[in-house]
file work-v5.pdb (PDB, C-alpha atoms, pLDDT in the B column)
ATOM      1  CA  MET I  18      -3.480 -44.011  -9.140  1.00 46.00           C
ATOM      2  CA  THR I  19       0.117 -43.325  -8.174  1.00 49.00           C
ATOM      3  CA  THR I  20       3.082 -44.626 -10.130  1.00 51.00           C
ATOM      4  CA  HIS I  21       3.740 -47.110  -7.352  1.00 56.00           C
ATOM      5  CA  GLN I  22       0.125 -48.273  -7.167  1.00 56.00           C
ATOM      6  CA  SER I  23      -0.061 -48.760 -10.928  1.00 55.00           C
ATOM      7  CA  ILE I  24       3.033 -50.967 -10.732  1.00 57.00           C
ATOM      8  CA  LEU I  25       1.675 -53.011  -7.842  1.00 65.00           C
ATOM      9  CA  LYS I  26      -1.811 -53.375  -9.342  1.00 63.00           C
ATOM     10  CA  GLY I  27      -0.762 -55.744 -12.104  1.00 64.00           C
ATOM     11  CA  MET I  28       2.091 -57.350 -10.184  1.00 74.00           C
ATOM     12  CA  SER I  29       2.285 -60.960  -9.070  1.00 81.00           C
ATOM     13  CA  ALA I  30       2.881 -60.909  -5.318  1.00 88.00           C
ATOM     14  CA  PRO I  31       5.001 -64.106  -5.333  1.00 88.00           C
ATOM     15  CA  ARG I  32       7.164 -62.755  -8.159  1.00 93.00           C
ATOM     16  CA  GLY I  33       7.443 -59.483  -6.316  1.00 93.00           C
ATOM     17  CA  ALA I  34       8.589 -61.342  -3.219  1.00 95.00           C
ATOM     18  CA  VAL I  35      11.288 -63.105  -5.244  1.00 96.00           C
ATOM     19  CA  ALA I  36      12.453 -59.718  -6.537  1.00 96.00           C
ATOM     20  CA  GLU I  37      12.561 -58.336  -2.990  1.00 97.00           C
ATOM     21  CA  PHE I  38      14.578 -61.353  -1.829  1.00 98.00           C
ATOM     22  CA  ILE I  39      17.124 -60.949  -4.624  1.00 97.00           C
ATOM     23  CA  ALA I  40      17.472 -57.188  -4.164  1.00 97.00           C
ATOM     24  CA  VAL I  41      18.010 -57.333  -0.403  1.00 97.00           C
ATOM     25  CA  PHE I  42      20.363 -60.304  -0.822  1.00 97.00           C
ATOM     26  CA  MET I  43      22.422 -58.194  -3.227  1.00 97.00           C
ATOM     27  CA  LEU I  44      22.298 -55.163  -0.921  1.00 96.00           C
ATOM     28  CA  MET I  45      23.405 -57.175   2.093  1.00 94.00           C
ATOM     29  CA  PHE I  46      26.132 -59.075   0.264  1.00 94.00           C
ATOM     30  CA  ILE I  47      27.682 -56.039  -1.433  1.00 94.00           C
ATOM     31  CA  THR I  48      27.529 -53.615   1.480  1.00 92.00           C
ATOM     32  CA  GLY I  49      28.506 -56.269   4.001  1.00 89.00           C
ATOM     33  CA  GLY I  50      31.366 -57.380   1.780  1.00 88.00           C
ATOM     34  CA  VAL I  51      32.634 -53.825   1.413  1.00 90.00           C
ATOM     35  CA  VAL I  52      32.547 -53.384   5.174  1.00 86.00           C
ATOM     36  CA  ILE I  53      34.487 -56.594   5.719  1.00 84.00           C
ATOM     37  CA  VAL I  54      37.121 -55.833   3.073  1.00 84.00           C
ATOM     38  CA  THR I  55      37.647 -52.251   4.283  1.00 83.00           C
ATOM     39  CA  GLY I  56      37.529 -53.181   7.943  1.00 78.00           C
ATOM     40  CA  GLY I  57      34.557 -50.887   8.379  1.00 77.00           C
ATOM     41  CA  GLU I  58      36.869 -47.866   8.207  1.00 80.00           C
ATOM     42  CA  ASN I  59      35.992 -46.443   4.776  1.00 88.00           C
ATOM     43  CA  LEU I  60      32.633 -44.730   5.242  1.00 90.00           C
ATOM     44  CA  VAL I  61      32.676 -43.266   1.726  1.00 94.00           C
ATOM     45  CA  ALA I  62      33.090 -46.713   0.164  1.00 94.00           C
ATOM     46  CA  ILE I  63      30.257 -48.083   2.291  1.00 92.00           C
ATOM     47  CA  ALA I  64      27.999 -45.164   1.358  1.00 94.00           C
ATOM     48  CA  LEU I  65      28.750 -45.600  -2.344  1.00 96.00           C
ATOM     49  CA  ALA I  66      28.113 -49.346  -2.150  1.00 95.00           C
ATOM     50  CA  ALA I  67      24.763 -48.928  -0.404  1.00 95.00           C
ATOM     51  CA  GLY I  68      23.513 -46.082  -2.588  1.00 96.00           C
ATOM     52  CA  ALA I  69      24.669 -47.570  -5.873  1.00 96.00           C
ATOM     53  CA  THR I  70      23.205 -50.993  -5.097  1.00 96.00           C
ATOM     54  CA  ILE I  71      19.775 -49.571  -4.309  1.00 96.00           C
ATOM     55  CA  ALA I  72      19.835 -47.319  -7.382  1.00 96.00           C
ATOM     56  CA  ILE I  73      20.719 -50.293  -9.585  1.00 96.00           C
ATOM     57  CA  MET I  74      18.030 -52.499  -8.073  1.00 96.00           C
ATOM     58  CA  ILE I  75      15.360 -49.808  -8.470  1.00 95.00           C
ATOM     59  CA  GLY I  76      16.226 -49.539 -12.144  1.00 94.00           C
ATOM     60  CA  THR I  77      16.185 -53.310 -12.468  1.00 94.00           C
ATOM     61  CA  LEU I  78      13.175 -54.380 -10.395  1.00 93.00           C
ATOM     62  CA  LEU I  79      10.819 -51.412 -10.009  1.00 92.00           C
ATOM     63  CA  HIS I  80       8.407 -52.932 -12.522  1.00 90.00           C
ATOM     64  CA  VAL I  81       8.395 -56.266 -10.692  1.00 92.00           C
ATOM     65  CA  SER I  82       7.882 -55.396  -7.022  1.00 90.00           C
ATOM     66  CA  GLY I  83       7.711 -51.627  -6.742  1.00 91.00           C
ATOM     67  CA  ALA I  84      11.309 -51.645  -5.458  1.00 92.00           C
ATOM     68  CA  GLN I  85      10.603 -51.525  -1.736  1.00 95.00           C
ATOM     69  CA  PHE I  86      13.614 -53.531  -0.460  1.00 95.00           C
ATOM     70  CA  ASN I  87      12.998 -52.454   3.133  1.00 97.00           C
ATOM     71  CA  PRO I  88      10.403 -53.492   5.761  1.00 97.00           C
ATOM     72  CA  ALA I  89      10.032 -49.853   6.819  1.00 97.00           C
ATOM     73  CA  VAL I  90       9.176 -48.863   3.233  1.00 97.00           C
ATOM     74  CA  SER I  91       6.780 -51.789   2.799  1.00 97.00           C
ATOM     75  CA  ILE I  92       4.950 -50.905   6.013  1.00 97.00           C
ATOM     76  CA  THR I  93       4.690 -47.256   4.992  1.00 96.00           C
ATOM     77  CA  VAL I  94       3.332 -48.124   1.535  1.00 94.00           C
ATOM     78  CA  ALA I  95       0.667 -50.295   3.188  1.00 94.00           C
ATOM     79  CA  LEU I  96      -0.057 -47.617   5.793  1.00 94.00           C
ATOM     80  CA  ILE I  97      -0.860 -45.004   3.137  1.00 93.00           C
ATOM     81  CA  GLY I  98      -3.003 -47.456   1.185  1.00 90.00           C
ATOM     82  CA  GLY I  99      -0.532 -48.315  -1.553  1.00 88.00           C
ATOM     83  CA  GLN I 100      -0.690 -52.082  -1.047  1.00 90.00           C
ATOM     84  CA  SER I 101      -2.438 -54.697   1.066  1.00 91.00           C
ATOM     85  CA  TRP I 102      -1.068 -55.712   4.437  1.00 93.00           C
ATOM     86  CA  LYS I 103      -0.936 -59.295   3.172  1.00 94.00           C
ATOM     87  CA  ARG I 104       1.454 -58.291   0.389  1.00 94.00           C
ATOM     88  CA  CYS I 105       3.376 -56.146   2.861  1.00 95.00           C
ATOM     89  CA  GLY I 106       3.909 -59.140   5.146  1.00 96.00           C
ATOM     90  CA  LEU I 107       5.000 -61.353   2.258  1.00 96.00           C
ATOM     91  CA  PHE I 108       7.540 -58.767   1.124  1.00 97.00           C
ATOM     92  CA  ILE I 109       8.941 -58.303   4.628  1.00 97.00           C
ATOM     93  CA  ILE I 110       9.471 -62.051   4.973  1.00 97.00           C
ATOM     94  CA  ALA I 111      11.264 -62.093   1.605  1.00 98.00           C
ATOM     95  CA  GLN I 112      13.424 -59.094   2.535  1.00 98.00           C
ATOM     96  CA  CYS I 113      14.491 -60.578   5.861  1.00 97.00           C
ATOM     97  CA  ALA I 114      15.166 -63.953   4.230  1.00 97.00           C
ATOM     98  CA  GLY I 115      17.339 -62.315   1.572  1.00 97.00           C
ATOM     99  CA  ALA I 116      19.392 -60.420   4.132  1.00 95.00           C
ATOM    100  CA  THR I 117      19.800 -63.507   6.299  1.00 95.00           C
ATOM    101  CA  ALA I 118      20.890 -65.706   3.389  1.00 96.00           C
ATOM    102  CA  ALA I 119      23.454 -63.126   2.278  1.00 94.00           C
ATOM    103  CA  ALA I 120      24.782 -62.716   5.815  1.00 91.00           C
ATOM    104  CA  PHE I 121      25.293 -66.464   6.198  1.00 91.00           C
ATOM    105  CA  LEU I 122      27.012 -66.624   2.806  1.00 92.00           C
ATOM    106  CA  LEU I 123      29.312 -63.739   3.737  1.00 89.00           C
ATOM    107  CA  LYS I 124      30.112 -65.427   7.019  1.00 86.00           C
ATOM    108  CA  TRP I 125      30.950 -68.698   5.266  1.00 86.00           C
ATOM    109  CA  ILE I 126      33.010 -67.173   2.438  1.00 85.00           C
ATOM    110  CA  MET I 127      34.834 -64.286   4.085  1.00 75.00           C
ATOM    111  CA  CYS I 128      35.340 -65.091   7.742  1.00 66.00           C
ATOM    112  CA  GLY I 129      38.527 -67.023   7.059  1.00 57.00           C
ATOM    113  CA  VAL I 130      39.887 -64.494   4.555  1.00 55.00           C
ATOM    114  CA  TRP I 131      39.546 -61.047   6.143  1.00 53.00           C
ATOM    115  CA  PRO I 132      39.554 -60.269   9.855  1.00 52.00           C
ATOM    116  CA  LEU I 133      36.082 -59.088  10.772  1.00 52.00           C
ATOM    117  CA  PRO I 134      35.496 -55.849  12.679  1.00 50.00           C
ATOM    118  CA  GLN I 135      34.759 -56.559  16.306  1.00 48.00           C
ATOM    119  CA  THR I 136      32.706 -55.013  19.048  1.00 43.00           C
ATOM    120  CA  ALA I 137      34.347 -53.698  22.171  1.00 33.00           C
ATOM    121  CA  GLY I 138      33.590 -57.054  23.763  1.00 34.00           C
ATOM    122  CA  GLY I 139      35.452 -58.926  21.052  1.00 33.00           C
ATOM    123  CA  ILE I 140      32.367 -60.456  19.445  1.00 33.00           C
ATOM    124  CA  GLU I 141      32.873 -60.892  15.707  1.00 38.00           C
ATOM    125  CA  HIS I 142      29.904 -60.037  13.521  1.00 40.00           C
ATOM    126  CA  VAL I 143      29.391 -59.844   9.787  1.00 38.00           C
ATOM    127  CA  GLY I 144      28.133 -57.128   7.477  1.00 39.00           C
ATOM    128  CA  LEU I 145      25.462 -54.874   8.910  1.00 42.00           C
ATOM    129  CA  THR I 146      24.801 -56.510  12.262  1.00 44.00           C
ATOM    130  CA  VAL I 147      24.066 -53.158  13.836  1.00 40.00           C
ATOM    131  CA  GLY I 148      23.855 -50.874  10.863  1.00 38.00           C
ATOM    132  CA  LEU I 149      27.263 -50.833   9.176  1.00 37.00           C
ATOM    133  CA  PHE I 150      29.562 -52.717  11.539  1.00 40.00           C
ATOM    134  CA  SER I 151      29.124 -49.784  13.846  1.00 40.00           C
ATOM    135  CA  ASP I 152      30.626 -50.210  17.287  1.00 40.00           C
ATOM    136  CA  LEU I 153      27.953 -48.296  19.125  1.00 45.00           C
ATOM    137  CA  SER I 154      29.720 -48.592  22.453  1.00 39.00           C
ATOM    138  CA  ASP I 155      32.532 -46.418  21.109  1.00 45.00           C
ATOM    139  CA  THR I 156      30.287 -43.643  19.804  1.00 48.00           C
ATOM    140  CA  GLY I 157      28.628 -42.583  23.020  1.00 47.00           C
ATOM    141  CA  VAL I 158      25.257 -42.896  21.321  1.00 51.00           C
ATOM    142  CA  ALA I 159      24.824 -46.453  22.555  1.00 49.00           C
ATOM    143  CA  ASP I 160      24.266 -45.110  26.057  1.00 53.00           C
ATOM    144  CA  SER I 161      20.893 -43.849  24.892  1.00 77.00           C
ATOM    145  CA  ALA I 162      18.697 -46.167  22.846  1.00 84.00           C
ATOM    146  CA  LEU I 163      16.390 -43.216  22.297  1.00 87.00           C
ATOM    147  CA  ARG I 164      19.141 -41.331  20.482  1.00 88.00           C
ATOM    148  CA  VAL I 165      19.735 -44.295  18.196  1.00 87.00           C
ATOM    149  CA  VAL I 166      16.006 -44.535  17.480  1.00 92.00           C
ATOM    150  CA  LEU I 167      15.897 -40.823  16.670  1.00 94.00           C
ATOM    151  CA  LEU I 168      18.945 -40.888  14.396  1.00 94.00           C
ATOM    152  CA  GLU I 169      17.747 -43.979  12.542  1.00 94.00           C
ATOM    153  CA  GLY I 170      14.272 -42.465  12.375  1.00 96.00           C
ATOM    154  CA  VAL I 171      15.506 -39.209  10.874  1.00 97.00           C
ATOM    155  CA  ALA I 172      17.631 -41.049   8.305  1.00 97.00           C
ATOM    156  CA  ALA I 173      14.687 -43.268   7.350  1.00 97.00           C
ATOM    157  CA  PHE I 174      12.442 -40.188   7.155  1.00 98.00           C
ATOM    158  CA  PHE I 175      14.753 -38.618   4.569  1.00 98.00           C
ATOM    159  CA  LEU I 176      14.856 -41.884   2.622  1.00 97.00           C
ATOM    160  CA  MET I 177      11.090 -42.447   2.599  1.00 97.00           C
ATOM    161  CA  PHE I 178      10.328 -38.808   1.829  1.00 97.00           C
ATOM    162  CA  THR I 179      12.532 -39.104  -1.256  1.00 96.00           C
ATOM    163  CA  ILE I 180      10.831 -42.356  -2.262  1.00 95.00           C
ATOM    164  CA  MET I 181       7.442 -40.690  -1.905  1.00 94.00           C
ATOM    165  CA  GLY I 182       8.480 -37.861  -4.192  1.00 92.00           C
ATOM    166  CA  VAL I 183      10.194 -39.792  -6.970  1.00 92.00           C
ATOM    167  CA  ILE I 184       8.508 -43.221  -6.970  1.00 92.00           C
ATOM    168  CA  VAL I 185       5.174 -43.191  -5.159  1.00 90.00           C
ATOM    169  CA  ASP I 186       3.874 -39.857  -6.509  1.00 86.00           C
ATOM    170  CA  ARG I 187       3.432 -39.810 -10.302  1.00 78.00           C
ATOM    171  CA  ARG I 188       3.216 -36.009 -10.241  1.00 78.00           C
ATOM    172  CA  SER I 189       7.010 -35.986 -10.198  1.00 72.00           C
ATOM    173  CA  GLY I 190       6.887 -36.631 -13.934  1.00 70.00           C
ATOM    174  CA  LEU I 191       9.548 -39.326 -13.656  1.00 73.00           C
ATOM    175  CA  ASP I 192       8.722 -42.520 -15.499  1.00 77.00           C
ATOM    176  CA  ASN I 193      12.200 -43.942 -16.019  1.00 84.00           C
ATOM    177  CA  PRO I 194      13.198 -46.419 -13.272  1.00 88.00           C
ATOM    178  CA  ILE I 195      16.858 -45.519 -13.727  1.00 88.00           C
ATOM    179  CA  LEU I 196      16.147 -41.839 -13.073  1.00 89.00           C
ATOM    180  CA  MET I 197      13.963 -42.765 -10.102  1.00 92.00           C
ATOM    181  CA  GLY I 198      16.787 -44.764  -8.595  1.00 93.00           C
ATOM    182  CA  LEU I 199      19.326 -41.942  -8.654  1.00 95.00           C
ATOM    183  CA  PRO I 200      17.751 -39.652  -6.001  1.00 95.00           C
ATOM    184  CA  VAL I 201      17.055 -42.616  -3.736  1.00 96.00           C
ATOM    185  CA  GLY I 202      20.630 -43.852  -4.069  1.00 97.00           C
ATOM    186  CA  LEU I 203      21.986 -40.385  -3.379  1.00 97.00           C
ATOM    187  CA  VAL I 204      19.918 -39.855  -0.237  1.00 97.00           C
ATOM    188  CA  ILE I 205      21.111 -43.232   1.063  1.00 97.00           C
ATOM    189  CA  MET I 206      24.710 -42.153   0.473  1.00 97.00           C
ATOM    190  CA  ALA I 207      24.078 -38.887   2.303  1.00 96.00           C
ATOM    191  CA  ASP I 208      22.397 -40.666   5.218  1.00 95.00           C
ATOM    192  CA  VAL I 209      25.282 -43.114   5.588  1.00 94.00           C
ATOM    193  CA  LEU I 210      27.864 -40.320   5.542  1.00 94.00           C
ATOM    194  CA  CYS I 211      25.927 -38.290   8.123  1.00 93.00           C
ATOM    195  CA  VAL I 212      24.495 -40.883  10.500  1.00 92.00           C
ATOM    196  CA  GLY I 213      26.806 -43.810   9.789  1.00 88.00           C
ATOM    197  CA  PRO I 214      29.500 -42.868  12.325  1.00 85.00           C
ATOM    198  CA  PHE I 215      26.899 -42.879  15.113  1.00 85.00           C
ATOM    199  CA  THR I 216      24.451 -45.712  14.366  1.00 86.00           C
ATOM    200  CA  GLY I 217      25.676 -47.309  11.155  1.00 84.00           C
ATOM    201  CA  ALA I 218      22.770 -45.725   9.249  1.00 86.00           C
ATOM    202  CA  SER I 219      20.977 -49.000   8.668  1.00 90.00           C
ATOM    203  CA  MET I 220      17.562 -47.448   7.844  1.00 94.00           C
ATOM    204  CA  ASN I 221      16.487 -50.996   6.992  1.00 95.00           C
ATOM    205  CA  PRO I 222      15.377 -53.535   9.617  1.00 95.00           C
ATOM    206  CA  ALA I 223      16.081 -56.465   7.280  1.00 95.00           C
ATOM    207  CA  ARG I 224      19.705 -55.370   6.821  1.00 93.00           C
ATOM    208  CA  SER I 225      20.130 -55.388  10.583  1.00 91.00           C
ATOM    209  CA  LEU I 226      18.214 -58.606  11.247  1.00 92.00           C
ATOM    210  CA  GLY I 227      20.033 -60.833   8.743  1.00 91.00           C
ATOM    211  CA  PRO I 228      23.538 -60.463  10.203  1.00 88.00           C
ATOM    212  CA  ALA I 229      22.122 -60.568  13.733  1.00 88.00           C
ATOM    213  CA  ILE I 230      20.743 -64.030  12.988  1.00 90.00           C
ATOM    214  CA  ALA I 231      23.909 -65.183  11.210  1.00 87.00           C
ATOM    215  CA  MET I 232      26.204 -64.088  14.021  1.00 83.00           C
ATOM    216  CA  ASP I 233      23.785 -64.349  16.961  1.00 82.00           C
ATOM    217  CA  PHE I 234      24.477 -60.706  17.792  1.00 81.00           C
ATOM    218  CA  TRP I 235      21.394 -58.881  19.104  1.00 82.00           C
ATOM    219  CA  HIS I 236      22.769 -55.708  20.700  1.00 78.00           C
ATOM    220  CA  LEU I 237      20.168 -52.928  20.285  1.00 81.00           C
ATOM    221  CA  GLN I 238      18.509 -54.886  17.481  1.00 86.00           C
ATOM    222  CA  TRP I 239      15.084 -53.527  18.384  1.00 90.00           C
ATOM    223  CA  VAL I 240      16.094 -49.917  17.749  1.00 91.00           C
ATOM    224  CA  TYR I 241      16.863 -50.803  14.135  1.00 92.00           C
ATOM    225  CA  TRP I 242      13.232 -51.782  13.733  1.00 95.00           C
ATOM    226  CA  VAL I 243      11.522 -49.074  15.751  1.00 95.00           C
ATOM    227  CA  GLY I 244      13.554 -46.136  14.407  1.00 95.00           C
ATOM    228  CA  PRO I 245      13.281 -46.814  10.656  1.00 96.00           C
ATOM    229  CA  ILE I 246       9.617 -47.866  10.817  1.00 97.00           C
ATOM    230  CA  LEU I 247       8.615 -44.762  12.776  1.00 97.00           C
ATOM    231  CA  GLY I 248      10.689 -42.465  10.571  1.00 97.00           C
ATOM    232  CA  ALA I 249       9.463 -43.901   7.289  1.00 97.00           C
ATOM    233  CA  SER I 250       5.834 -43.939   8.426  1.00 97.00           C
ATOM    234  CA  CYS I 251       6.047 -40.298   9.491  1.00 97.00           C
ATOM    235  CA  ALA I 252       7.551 -39.419   6.104  1.00 97.00           C
ATOM    236  CA  GLY I 253       4.719 -41.066   4.178  1.00 96.00           C
ATOM    237  CA  ILE I 254       2.063 -39.373   6.275  1.00 96.00           C
ATOM    238  CA  ALA I 255       3.863 -36.008   6.238  1.00 96.00           C
ATOM    239  CA  TYR I 256       4.305 -36.065   2.456  1.00 95.00           C
ATOM    240  CA  ASN I 257       0.608 -36.654   1.862  1.00 92.00           C
ATOM    241  CA  ALA I 258      -0.353 -34.059   4.473  1.00 91.00           C
ATOM    242  CA  ALA I 259       1.959 -31.403   3.048  1.00 89.00           C
ATOM    243  CA  PHE I 260       1.422 -31.948  -0.669  1.00 86.00           C
ATOM    244  CA  GLY I 261      -1.852 -33.823  -0.852  1.00 78.00           C
ATOM    245  CA  ARG I 262      -2.412 -37.443  -1.656  1.00 76.00           C
ATOM    246  CA  PRO I 263      -1.227 -38.381  -5.149  1.00 66.00           C
ATOM    247  CA  PRO I 264      -4.183 -38.196  -7.569  1.00 62.00           C
ATOM    248  CA  SER I 265      -6.042 -41.340  -8.589  1.00 56.00           C
ATOM    249  CA  ASP I 266      -6.786 -42.152 -12.203  1.00 51.00           C
TER     250      ASP I 266
END

call {"tool": "encode", "arguments": {"input": "work-v5.pdb", "output": "structure tokens"}}
result
Amino acid sequence: MTTHQSILKGMSAPRGAVAEFIAVFMLMFITGGVVIVTGGENLVAIALAAGATIAIMIGTLLHVSGAQFNPAVSITVALIGGQSWKRCGLFIIAQCAGATAAAFLLKWIMCGVWPLPQTAGGIEHVGLTVGLFSDLSDTGVADSALRVVLLEGVAAFFLMFTIMGVIVDRRSGLDNPILMGLPVGLVIMADVLCVGPFTGASMNPARSLGPAIAMDFWHLQWVYWVGPILGASCAGIAYNAAFGRPPSD
């Protein structure tokens, strides 16, 4: 079986869900906090925060939940037979709950301390409402939802393809969670630097949903589900098609 499957085989699904909640809570709180403090202007700081947080959480929780931390990743793992759809659904609920809890906490703690970035319409929103506090109306990309779907899909493809190579497939030879987390963290940083100015480079539906609920801000929310899920799913299928399914024990 793959590295990922061997982890999930002996894993308690409820404990895994708790791990997913904590990890996405941490991701949302740290990246959202960085965006608030920097006014959403320091893309490098945001990229470092997102990549480093995921790398740390992979090293910390890979053995507990498989370190999915993203509905698009959970769906892809289920799609390629790496876990049951029941577990996938449980993890997605935990991920979305973690992001939502962190977004509400950020809103409560920070709204009166730092001025929040605003949309062109003057609507305040917290953290990663649409990616990374991205004002899509100012980028020109917002005029085409399809372009946002494609950009988010490509970014999620790169992320999931990396996850397939370093975590899901044991043929990589990596067995240290810390080493596994580094490539994933780096590809997230690269995605944020490249796609962030246009869509916010969310790549994670839970990260977009949580702040949307907290701030009641739903602009283009659906594209942050469709794009990452399509991109990640294509990456999982493409990896197996190109390199063969990881061998089973």

call {"tool": "resolve_selection", "arguments": {"input": "work-v5.pdb", "expression": "the PyMOL selection byres ((chain I and resi 113-125) around 8)", "output": "list in words"}}
result
Glu37, Phe38, Ile39, Ala40, Val41, Phe42, Met43, Leu44, Met45, Phe46, Gly49, Gly50, Ile109, Ile110, Ala111, Gln112, Ile126, Met127, Cys128, Gly129, Val143, Gly144, Ala223, Arg224, Leu226, Gly227, Pro228, Ile230 and Ala231 of chain I

call {"tool": "write_last_selection", "arguments": {"input": "work-v5.pdb", "atoms": "C-alpha atoms", "output": "PDB file, in the coordinates of the input"}}
result
ATOM      1  CA  GLU I  37      12.561 -58.336  -2.990  1.00 97.00           C
ATOM      2  CA  PHE I  38      14.578 -61.353  -1.829  1.00 98.00           C
ATOM      3  CA  ILE I  39      17.124 -60.949  -4.624  1.00 97.00           C
ATOM      4  CA  ALA I  40      17.472 -57.188  -4.164  1.00 97.00           C
ATOM      5  CA  VAL I  41      18.010 -57.333  -0.403  1.00 97.00           C
ATOM      6  CA  PHE I  42      20.363 -60.304  -0.822  1.00 97.00           C
ATOM      7  CA  MET I  43      22.422 -58.194  -3.227  1.00 97.00           C
ATOM      8  CA  LEU I  44      22.298 -55.163  -0.921  1.00 96.00           C
ATOM      9  CA  MET I  45      23.405 -57.175   2.093  1.00 94.00           C
ATOM     10  CA  PHE I  46      26.132 -59.075   0.264  1.00 94.00           C
ATOM     11  CA  GLY I  49      28.506 -56.269   4.001  1.00 89.00           C
ATOM     12  CA  GLY I  50      31.366 -57.380   1.780  1.00 88.00           C
ATOM     13  CA  ILE I 109       8.941 -58.303   4.628  1.00 97.00           C
ATOM     14  CA  ILE I 110       9.471 -62.051   4.973  1.00 97.00           C
ATOM     15  CA  ALA I 111      11.264 -62.093   1.605  1.00 98.00           C
ATOM     16  CA  GLN I 112      13.424 -59.094   2.535  1.00 98.00           C
ATOM     17  CA  ILE I 126      33.010 -67.173   2.438  1.00 85.00           C
ATOM     18  CA  MET I 127      34.834 -64.286   4.085  1.00 75.00           C
ATOM     19  CA  CYS I 128      35.340 -65.091   7.742  1.00 66.00           C
ATOM     20  CA  GLY I 129      38.527 -67.023   7.059  1.00 57.00           C
ATOM     21  CA  VAL I 143      29.391 -59.844   9.787  1.00 38.00           C
ATOM     22  CA  GLY I 144      28.133 -57.128   7.477  1.00 39.00           C
ATOM     23  CA  ALA I 223      16.081 -56.465   7.280  1.00 95.00           C
ATOM     24  CA  ARG I 224      19.705 -55.370   6.821  1.00 93.00           C
ATOM     25  CA  LEU I 226      18.214 -58.606  11.247  1.00 92.00           C
ATOM     26  CA  GLY I 227      20.033 -60.833   8.743  1.00 91.00           C
ATOM     27  CA  PRO I 228      23.538 -60.463  10.203  1.00 88.00           C
ATOM     28  CA  ILE I 230      20.743 -64.030  12.988  1.00 90.00           C
ATOM     29  CA  ALA I 231      23.909 -65.183  11.210  1.00 87.00           C
TER      30      ALA I 231
END

call {"tool": "closest_residue", "arguments": {"input": "work-v5.pdb", "among": "I:Val54, I:Val240, I:Cys105, I:Ala69", "to": "Gly217 in chain I", "atoms": "only C-alpha atoms"}}
result
I:Val240

call {"tool": "closest_residue", "arguments": {"input": "work-v5.pdb", "among": "I:Ala72, I:Cys251, I:Ile53, I:Ala62", "to": "Gly202 in chain I", "atoms": "only C-alpha atoms"}}
result
I:Ala72

call {"tool": "atom_distance", "arguments": {"input": "work-v5.pdb", "atom1": "CA of Val171 in chain I", "atom2": "CA of Ala255 in chain I"}}
result
12.9 Å

call {"tool": "atom_distance", "arguments": {"input": "work-v5.pdb", "atom1": "CA of Met206 in chain I", "atom2": "CA of Tyr256 in chain I"}}
result
21.4 Å

call {"tool": "residues_around", "arguments": {"input": "work-v5.pdb", "residues": "Val183 in chain I", "least_positions_apart": "4", "cutoff": "10 Å", "atoms": "only C-alpha atoms", "output": "ChimeraX atom specification"}}
result
/I:20-21,177-179,187-192,194,196-201

call {"tool": "closest_residue", "arguments": {"input": "work-v5.pdb", "among": "I:Ile254, I:Leu60, I:Met181, I:Val90", "to": "Cys211 in chain I", "atoms": "all atoms listed in the file"}}
result
I:Leu60

call {"tool": "atom_distance", "arguments": {"input": "work-v5.pdb", "atom1": "CA of Val212 in chain I", "atom2": "CA of Ile180 in chain I"}}
result
18.8 Å

call {"tool": "closest_residue", "arguments": {"input": "work-v5.pdb", "among": "I:Asn193, I:Leu96, I:Ala89, I:Thr216", "to": "Phe174 in chain I", "atoms": "all atoms listed in the file"}}
result
I:Ala89

call {"tool": "axis_aligned_box", "arguments": {"input": "work-v5.pdb", "around": "range 67-74 of chain I", "padding_each_side": "4 Å", "output": "JSON"}}
result
{"center_x": 21.4, "center_y": -49.3, "center_z": -5.0, "size_x": 14.7, "size_y": 14.4, "size_z": 17.2}
